[in-house]
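Chemist: File target15.txt follows (compact mmCIF, C-alpha atoms):
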```txt
# COMPACT_ATOMS: atom_id res chain seq x y z
CA MET A 1 83.60 -105.60 -16.44
CA THR A 2 84.92 -107.91 -19.12
CA SER A 3 87.30 -106.24 -21.56
CA TYR A 4 86.63 -106.91 -25.22
CA SER A 5 87.81 -103.75 -26.93
CA SER A 6 91.37 -105.01 -27.31
CA THR A 7 90.30 -108.03 -29.36
CA TYR A 8 87.32 -106.94 -31.45
CA ASP A 9 86.29 -103.79 -33.24
CA THR A 10 84.17 -101.62 -30.95
CA THR A 11 84.89 -98.22 -32.53
CA PRO A 12 81.89 -96.07 -33.52
CA ARG A 13 80.53 -96.70 -37.00
CA GLY A 14 79.37 -93.10 -37.37
CA GLY A 15 75.85 -94.20 -38.28
CA ALA A 16 77.05 -96.25 -41.24
CA PRO A 17 74.55 -98.94 -42.31
CA LEU A 18 75.42 -102.56 -41.72
CA ARG A 19 77.07 -104.31 -44.64
CA GLY A 20 74.46 -106.07 -46.77
CA SER A 21 71.57 -105.04 -44.50
CA GLY A 22 69.71 -103.37 -47.38
CA TRP A 23 69.71 -106.57 -49.44
CA HIS A 24 68.81 -108.56 -46.35
CA ARG A 25 65.78 -106.35 -45.68
CA LEU A 26 64.71 -106.51 -49.33
CA GLY A 27 64.89 -110.30 -49.39
CA ASN A 28 63.16 -110.43 -46.03
CA ALA A 29 60.33 -108.23 -47.32
CA LEU A 30 59.83 -110.35 -50.44
CA LYS A 31 59.75 -113.63 -48.52
CA THR A 32 57.45 -112.20 -45.89
CA THR A 33 55.02 -110.86 -48.50
CA VAL A 34 54.64 -114.36 -49.94
CA LEU A 35 54.34 -116.02 -46.53
CA LEU A 36 51.84 -113.54 -45.15
CA ALA A 37 49.83 -113.75 -48.34
CA GLY A 38 49.62 -117.49 -47.72
CA LEU A 39 48.48 -116.96 -44.15
CA THR A 40 45.87 -114.43 -45.27
CA ALA A 41 44.58 -116.82 -47.94
CA LEU A 42 44.13 -119.51 -45.30
CA VAL A 43 42.15 -117.13 -43.10
CA LEU A 44 39.89 -116.22 -46.01
CA LEU A 45 39.41 -119.87 -46.94
CA ILE A 46 38.40 -120.79 -43.41
CA GLY A 47 36.05 -117.81 -43.31
CA GLN A 48 34.38 -119.00 -46.49
CA LYS A 49 33.99 -122.50 -45.06
CA LEU A 50 32.55 -121.17 -41.81
CA GLY A 51 29.95 -118.89 -43.37
CA GLY A 52 30.06 -118.89 -47.14
CA PRO A 53 30.29 -115.46 -48.81
CA ARG A 54 29.36 -113.71 -45.58
CA GLY A 55 32.05 -115.60 -43.68
CA LEU A 56 34.56 -114.67 -46.37
CA ALA A 57 33.69 -111.00 -45.95
CA TYR A 58 34.01 -111.22 -42.16
CA ALA A 59 37.37 -113.00 -42.49
CA GLY A 60 38.65 -110.30 -44.85
CA PHE A 61 37.62 -107.56 -42.44
CA PHE A 62 39.18 -109.47 -39.54
CA VAL A 63 42.50 -109.85 -41.37
CA VAL A 64 42.63 -106.13 -42.17
CA VAL A 65 41.92 -105.20 -38.55
CA MET A 66 44.47 -107.64 -37.14
CA ASN A 67 47.13 -106.47 -39.59
CA PHE A 68 46.45 -102.87 -38.55
CA VAL A 69 46.64 -103.72 -34.84
CA SER A 70 49.77 -105.82 -35.33
CA TYR A 71 51.51 -103.06 -37.24
CA TRP A 72 50.76 -100.14 -34.93
CA PHE A 73 50.75 -101.87 -31.56
CA SER A 74 53.05 -104.89 -31.95
CA ASP A 75 55.59 -103.65 -29.43
CA LYS A 76 53.01 -102.86 -26.74
CA ILE A 77 51.25 -106.19 -27.26
CA ALA A 78 54.42 -108.27 -26.97
CA LEU A 79 55.72 -106.41 -23.92
CA ALA A 80 52.38 -106.53 -22.11
CA MET A 81 51.99 -110.27 -22.71
CA HIS A 82 55.21 -110.87 -20.81
CA GLY A 83 54.70 -108.33 -18.05
CA ALA A 84 57.79 -106.41 -19.16
CA GLN A 85 58.68 -103.36 -17.08
CA PRO A 86 60.67 -100.31 -18.27
CA LEU A 87 64.24 -100.47 -16.97
CA ALA A 88 65.46 -97.02 -15.98
CA ARG A 89 69.05 -96.03 -16.71
CA GLU A 90 69.64 -95.56 -12.97
CA GLN A 91 68.85 -99.23 -12.39
CA ALA A 92 71.37 -100.58 -14.93
CA PRO A 93 73.48 -97.79 -16.48
CA TRP A 94 75.97 -100.27 -17.95
CA LEU A 95 73.17 -102.07 -19.82
CA HIS A 96 71.86 -98.82 -21.26
CA ASP A 97 75.41 -97.95 -22.29
CA LEU A 98 75.71 -101.22 -24.22
CA VAL A 99 72.40 -100.67 -26.00
CA GLU A 100 73.29 -97.07 -26.80
CA GLU A 101 76.73 -98.00 -28.16
CA LEU A 102 75.34 -100.73 -30.42
CA ALA A 103 72.45 -98.57 -31.62
CA SER A 104 74.92 -95.85 -32.54
CA ARG A 105 77.07 -98.34 -34.47
CA ALA A 106 73.96 -99.56 -36.29
CA GLY A 107 72.92 -96.00 -37.18
CA MET A 108 69.55 -96.24 -35.41
CA PRO A 109 67.91 -94.56 -32.41
CA LYS A 110 68.46 -96.15 -29.01
CA PRO A 111 65.57 -98.57 -28.31
CA ARG A 112 63.69 -98.53 -25.05
CA VAL A 113 64.98 -101.06 -22.54
CA TYR A 114 62.68 -103.42 -20.61
CA LEU A 115 63.11 -106.13 -17.98
CA LEU A 116 61.10 -109.35 -17.83
CA PRO A 117 60.70 -110.58 -14.25
CA THR A 118 61.70 -114.19 -14.81
CA ARG A 119 64.85 -116.17 -14.11
CA ALA A 120 64.57 -117.96 -17.44
CA PRO A 121 67.51 -116.55 -19.44
CA ASN A 122 66.39 -114.96 -22.69
CA ALA A 123 65.89 -111.72 -24.62
CA PHE A 124 63.82 -110.34 -27.47
CA ALA A 125 63.23 -107.16 -29.45
CA THR A 126 59.98 -105.74 -30.74
CA GLY A 127 58.65 -102.70 -32.56
CA ARG A 128 57.48 -101.82 -36.06
CA SER A 129 60.60 -99.79 -36.93
CA PRO A 130 63.90 -98.62 -35.44
CA LYS A 131 62.16 -95.45 -34.25
CA HIS A 132 59.56 -97.45 -32.33
CA ALA A 133 61.69 -100.31 -31.03
CA ALA A 134 62.21 -101.88 -27.65
CA VAL A 135 64.63 -104.52 -26.40
CA ALA A 136 63.70 -106.71 -23.44
CA VAL A 137 65.98 -108.89 -21.34
CA THR A 138 65.03 -111.29 -18.58
CA ALA A 139 66.42 -111.15 -15.07
CA GLY A 140 67.90 -114.58 -15.72
CA ILE A 141 70.02 -113.55 -18.70
CA LEU A 142 71.66 -110.84 -16.60
CA GLU A 143 72.71 -113.54 -14.13
CA ILE A 144 74.33 -116.08 -16.46
CA LEU A 145 75.99 -114.00 -19.20
CA ASP A 146 79.02 -111.78 -18.83
CA ARG A 147 78.91 -108.34 -20.44
CA ARG A 148 80.78 -109.40 -23.55
CA GLU A 149 78.24 -112.19 -24.20
CA LEU A 150 75.33 -109.91 -23.39
CA ARG A 151 76.68 -107.37 -25.85
CA GLY A 152 76.56 -110.08 -28.54
CA VAL A 153 72.95 -110.88 -27.63
CA LEU A 154 71.94 -107.22 -27.75
CA ALA A 155 73.63 -106.83 -31.14
CA HIS A 156 71.58 -109.80 -32.40
CA GLU A 157 68.35 -108.22 -31.16
CA LEU A 158 69.13 -104.80 -32.60
CA SER A 159 69.81 -106.53 -35.92
CA HIS A 160 66.25 -107.88 -35.84
CA VAL A 161 65.03 -104.31 -35.46
CA SER A 162 67.28 -103.03 -38.25
CA ASN A 163 66.18 -105.85 -40.57
CA ARG A 164 62.48 -105.23 -39.75
CA ASP A 165 62.19 -108.78 -38.40
CA THR A 166 60.29 -107.71 -35.29
CA LEU A 167 57.24 -106.50 -37.21
CA ILE A 168 57.33 -109.55 -39.47
CA GLY A 169 57.36 -111.97 -36.55
CA THR A 170 54.48 -110.30 -34.74
CA VAL A 171 52.22 -110.15 -37.79
CA ALA A 172 52.97 -113.76 -38.74
CA ALA A 173 52.26 -114.94 -35.19
CA THR A 174 48.99 -113.02 -35.07
CA LEU A 175 47.69 -114.41 -38.35
CA ALA A 176 48.79 -117.94 -37.47
CA GLY A 177 46.90 -117.65 -34.20
CA ILE A 178 43.79 -116.48 -36.04
CA ILE A 179 43.93 -119.47 -38.36
CA SER A 180 44.26 -121.92 -35.48
CA TYR A 181 41.38 -120.24 -33.62
CA ALA A 182 39.17 -120.26 -36.70
CA ALA A 183 39.92 -123.96 -37.25
CA GLN A 184 38.84 -124.66 -33.67
CA MET A 185 35.60 -122.77 -34.30
CA LEU A 186 35.06 -124.90 -37.38
CA PHE A 187 35.43 -127.98 -35.19
CA TRP A 188 33.24 -126.91 -32.24
CA PHE A 189 30.56 -125.28 -34.37
CA GLY A 190 30.65 -127.94 -37.07
CA GLY A 191 27.57 -129.91 -38.00
CA SER A 192 25.68 -127.88 -40.53
CA LEU A 193 28.71 -125.63 -41.07
CA LEU A 194 30.78 -128.57 -42.20
CA SER A 195 28.34 -129.33 -44.98
CA ARG A 196 27.43 -125.76 -45.81
CA SER A 197 28.02 -124.44 -49.31
CA ASP A 198 26.85 -121.65 -51.54
CA ASP A 199 24.38 -123.96 -53.30
CA ASP A 200 22.24 -126.39 -51.32
CA ASP A 201 22.79 -129.19 -53.84
CA ARG A 202 26.56 -129.12 -53.30
CA GLY A 203 26.49 -129.96 -49.59
CA GLY A 204 26.52 -133.36 -47.99
CA ILE A 205 29.42 -135.72 -47.46
CA ALA A 206 31.76 -134.12 -49.99
CA GLY A 207 31.46 -130.71 -48.35
CA ALA A 208 31.91 -132.20 -44.90
CA LEU A 209 35.05 -134.07 -45.92
CA SER A 210 36.46 -130.97 -47.61
CA SER A 211 35.92 -128.84 -44.50
CA LEU A 212 37.27 -131.57 -42.24
CA GLY A 213 40.44 -131.69 -44.34
CA LEU A 214 40.77 -127.94 -44.00
CA LEU A 215 40.27 -128.27 -40.25
CA LEU A 216 43.23 -130.66 -40.04
CA VAL A 217 45.54 -128.97 -42.53
CA ALA A 218 45.02 -125.27 -41.77
CA PRO A 219 46.66 -125.12 -38.31
CA ILE A 220 49.64 -127.15 -39.51
CA ALA A 221 50.06 -124.99 -42.61
CA ALA A 222 49.76 -121.82 -40.55
CA THR A 223 52.39 -123.05 -38.11
CA LEU A 224 54.79 -124.04 -40.86
CA LEU A 225 54.40 -120.66 -42.58
CA GLN A 226 55.02 -118.88 -39.30
CA LEU A 227 58.09 -120.98 -38.59
CA ALA A 228 59.46 -120.34 -42.07
CA VAL A 229 59.53 -116.65 -41.16
CA SER A 230 61.00 -117.27 -37.73
CA ARG A 231 63.73 -119.79 -38.54
CA SER A 232 65.16 -118.05 -41.61
CA ARG A 233 65.48 -114.68 -39.89
CA GLU A 234 67.56 -116.02 -36.99
CA TYR A 235 70.53 -116.86 -39.20
CA GLY A 236 70.38 -113.38 -40.70
CA ALA A 237 70.25 -111.71 -37.29
CA ASP A 238 73.15 -113.84 -36.06
CA ALA A 239 75.32 -112.75 -38.99
CA THR A 240 74.30 -109.10 -38.85
CA GLY A 241 74.61 -109.03 -35.06
CA ALA A 242 78.07 -110.55 -35.18
CA GLU A 243 79.09 -107.89 -37.69
CA LEU A 244 77.57 -105.17 -35.53
CA SER A 245 79.36 -106.29 -32.36
CA GLY A 246 82.56 -107.31 -34.13
CA ASP A 247 82.60 -110.39 -31.87
CA PRO A 248 80.98 -113.55 -33.35
CA GLU A 249 82.49 -115.76 -30.64
CA ALA A 250 80.71 -113.82 -27.88
CA LEU A 251 77.30 -114.49 -29.45
CA ALA A 252 78.19 -118.15 -30.03
CA SER A 253 79.16 -118.53 -26.37
CA ALA A 254 75.96 -116.78 -25.27
CA LEU A 255 73.77 -119.04 -27.40
CA MET A 256 75.23 -122.17 -25.84
CA LYS A 257 74.61 -120.83 -22.33
CA LEU A 258 71.08 -119.74 -23.20
CA GLU A 259 70.22 -123.11 -24.74
CA ARG A 260 71.27 -124.84 -21.54
CA GLY A 261 69.34 -122.28 -19.51
CA ALA A 262 66.16 -122.89 -21.53
CA GLU A 263 66.50 -126.63 -20.96
CA LEU A 264 66.82 -126.17 -17.21
CA MET A 265 64.20 -123.43 -16.92
CA PRO A 266 61.61 -123.40 -19.75
CA TYR A 267 59.50 -120.26 -20.05
CA ASP A 268 55.95 -120.93 -21.22
CA ARG A 269 54.28 -117.55 -20.81
CA ALA A 270 52.61 -116.57 -24.10
CA PRO A 271 53.90 -119.50 -26.24
CA ALA A 272 52.61 -117.78 -29.39
CA THR A 273 55.46 -115.27 -29.05
CA SER A 274 58.21 -117.84 -28.48
CA HIS A 275 59.72 -117.06 -31.90
CA LEU A 276 60.53 -113.52 -30.76
CA PHE A 277 63.17 -114.71 -28.30
CA ILE A 278 66.82 -115.26 -29.19
CA VAL A 279 66.53 -118.93 -28.18
CA ASN A 280 63.38 -121.02 -28.01
CA PRO A 281 62.04 -120.58 -24.46
CA LEU A 282 60.10 -123.84 -24.80
CA SER A 283 63.13 -125.94 -25.81
CA GLY A 284 63.18 -127.60 -22.40
CA ARG A 285 60.05 -129.45 -23.48
CA ALA A 286 61.88 -131.18 -26.31
CA VAL A 287 59.87 -129.65 -29.13
CA MET A 288 60.39 -131.54 -32.37
CA ALA A 289 62.98 -129.90 -34.58
CA LEU A 290 60.48 -129.54 -37.43
CA PHE A 291 58.15 -127.46 -35.28
CA SER A 292 60.81 -125.46 -33.47
CA THR A 293 60.60 -121.70 -33.96
CA HIS A 294 64.40 -121.48 -34.06
CA PRO A 295 67.13 -123.21 -36.08
CA PRO A 296 69.37 -125.62 -34.14
CA ILE A 297 71.76 -123.89 -31.77
CA PRO A 298 74.75 -126.08 -32.84
CA GLU A 299 74.30 -124.92 -36.45
CA ARG A 300 74.01 -121.29 -35.39
CA VAL A 301 77.17 -121.63 -33.30
CA ARG A 302 79.02 -123.33 -36.17
CA ARG A 303 78.22 -120.47 -38.55
CA LEU A 304 79.24 -117.83 -36.02
CA ARG A 305 82.55 -119.55 -35.34
CA GLU A 306 83.22 -119.74 -39.06
CA MET A 307 82.68 -115.97 -39.16
CA ALA A 308 85.09 -115.55 -36.24
CA SER A 309 87.66 -117.73 -37.96
CA ARG A 310 87.43 -115.76 -41.21
CA SER A 311 87.70 -112.46 -39.33
CA TRP A 312 90.79 -113.69 -37.48
CA ARG A 313 92.51 -114.87 -40.68
CA GLN A 314 91.73 -111.65 -42.51
CA GLY A 315 93.04 -109.65 -39.58
CA PHE A 316 96.42 -111.33 -39.91
CA GLU A 317 96.76 -111.27 -43.68
CA PRO A 318 99.85 -109.39 -44.84
CA ALA A 319 99.21 -105.98 -46.32
```
As C-alpha cells, please, write out the structure in this file.
Modeler:
Amino acid sequence: MTSYSSTYDTTPRGGAPLRGSGWHRLGNALKTTVLLAGLTALVLLIGQKLGGPRGLAYAGFFVVVMNFVSYWFSDKIALAMHGAQPLAREQAPWLHDLVEELASRAGMPKPRVYLLPTRAPNAFATGRSPKHAAVAVTAGILEILDRRELRGVLAHELSHVSNRDTLIGTVAATLAGIISYAAQMLFWFGGSLLSRSDDDDRGGIAGALSSLGLLLVAPIAATLLQLAVSRSREYGADATGAELSGDPEALASALMKLERGAELMPYDRAPATSHLFIVNPLSGRAVMALFSTHPPIPERVRRLREMASRSWRQGFEPA
C-alpha cells in the first residue's frame, strides 16, 4: 500500500465541516435554482406548443412528478442504469477503509460502496443527501490507480455529496432529457401541432415557424443549462476534495490517468448520466469542448497543482 501519511495531512477532522463548504453549497443552491427554473420554463413552453393550455397543464404535472422522482430516487436510478452492484467490505476492506476515513474527515455518514462491472476507469457519487449517498467505482479504476490516487478520487466524490451536487446533477439531467424528448415529439407529431394556437386565427405559417424555432433551440438550450450545472461544480469538488484529502497532487495525477483511460476505453452506457462521473466517460469520442459535461482536465490539473504549491509553501513558512 502506498504511504501518503508522512507527506499530507490525514489526521481525523473530528467531524469538522470543510472550509468554505457552507458558502459553496449556498452559491450552488442559488445557481441551481436559476438553472432549473430555466429548464422547467422550457418544459412548460414546449408543453404549451404541443397542446395549448392543456399541454401546458400536462407539462406542469410532468415536471412536478419528475422532480419528485429525481429527488427521492436519484441514487437508485443512477446505480441501476449502470448495473452497479453493492461491494461488500469483505471483498475490498481497504476500499471501505478509505471511504470511511474520508467520510469521517468530512463529518458525514459513510456512503454505500458500489462496483460497476466495466474496465473503463471512472467513478461517481449519487444520492440526495449525505445520509442517502452512494459512491461507485468501476473495476477499471481499481486497476490503474494506486491507493493514494484513488483516495484523491474518493475525496472528490464525497465532496460532491457534501456540496449537494449529486442531487443537482440528477435533476438537471432528468429535466434536460424531458425537454429533448418533448422536442422530438414536437417534430414527429408536428403538422397541425406546429400551427396550433389558442385562437384559430393566430395559426398558420407564423405559428409553424415559431414552433419550429422552439424545436431547434430547446434541446440546445437544455443541454447548455445542464452543462452549466455540471462544469461549474467540478472545479468546486476538485478544490473541496483536495482539501478533504490533504493531497491535491494525488487527485491531479489521478485525473491525468483517468483522462487517458477514457480516451482508450470510452464508456457509453447511459450517456445522459455522463456528467456524474469524475471524468467524461465519452471523451474518447472527441466531444466538442463546448458540449463537454466536464471542464478541461489540463485546467483542473493546473488548479490542483497551484493548490499543492500553496500548501507546500505555507507548510515551510517560518513561524
Chemist: Between A:Thr40, A:Thr33, A:Gln48, A:Thr138, which has the minimum distance to A:Gly83 (counting only C-alpha atoms)?
Modeler: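 Selected residue with least distance to A:Gly83: A:Thr138.
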Chemist: The residues within 9 Å of (58.4, -102.0, -32.0), using only C-alpha atoms and the coordinates of the file, should be reported as an NGL selection string; which are they?
Modeler: :A and (71-76 or 78 or 111 or 125-135 or 161 or 166-167)
Chemist: Could you jot down the atom CA of A:Pro121 to atom CA of A:Gly140 separation for me, Å, one decimal place?
Modeler: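 Distance reported for this atom pair: 4.2 Å.
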Chemist: Calculated over all atoms listed in the file, which of the candidates A:Val65, A:Ala59, A:Ala270, A:Ala254 has the smallest distance to A:Ala80?
Modeler: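 For A:Ala80, the nearest of the given residues is A:Ala270.
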Chemist: Would you mind reading off the distance between atom CA of A:Leu154 and atom CA of A:Leu95, one decimal, in Å?
Modeler: 9.5 Å
Chemist: Between atom CA of A:Glu157 and atom CA of A:Thr273, measure the distance and give it in Å to one decimal.
Modeler: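 So the two atoms, atom CA of A:Glu157 and atom CA of A:Thr273, lie 14.8 Å apart.
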Chemist: Counting all atoms listed in the file, which of A:Met66, A:Ala242, A:Met108, A:Leu158 gets nearest to A:Met307?
Modeler: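 Among the listed residues, A:Ala242 lies closest to A:Met307.
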Chemist: Return the single residue from A:Ala237, A:Met265, A:Leu255, A:Ala272 that is closest to A:Pro298, with distances computed using all atoms listed in the file.
Modeler: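 Comparing A:Ala237, A:Met265, A:Leu255, A:Ala272 against A:Pro298, the winner is A:Leu255.
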Chemist: Looking at A:Val113, A:Val34, A:Ile297, A:Arg119, which one is nearest to A:Ser253, with distances taken over only C-alpha atoms?
Modeler: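 For A:Ser253, the nearest of the given residues is A:Ile297.
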Chemist: May I ask which of the residues A:His96, A:Arg89, A:Arg148, A:Arg112 is the closest one to A:Ser245, counting all atoms listed in the file?
Modeler: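 Nearest to A:Ser245: A:Arg148.
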Chemist: At a cut-off of 12 Å, using only C-alpha atoms, what residues contact A:Arg151? Leave out same-chain residues fewer than 3 positions from it and give the result as a ChimeraX atom specification.
Modeler: /A:1-5,10,94-103,123,137,141-142,145-148,154-158,241-242,244-254
Chemist: Quick one: residues within 9 Å of A:Gly236, only C-alpha atoms counted, chain neighbours fewer than 3 positions away excluded, as a list in words?
Modeler: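 Counting only C-alpha atoms, the residues come to His24, Ser159, His160, Asn163, Ser232, Arg233, Ala239, Thr240 and Gly241 of chain A.
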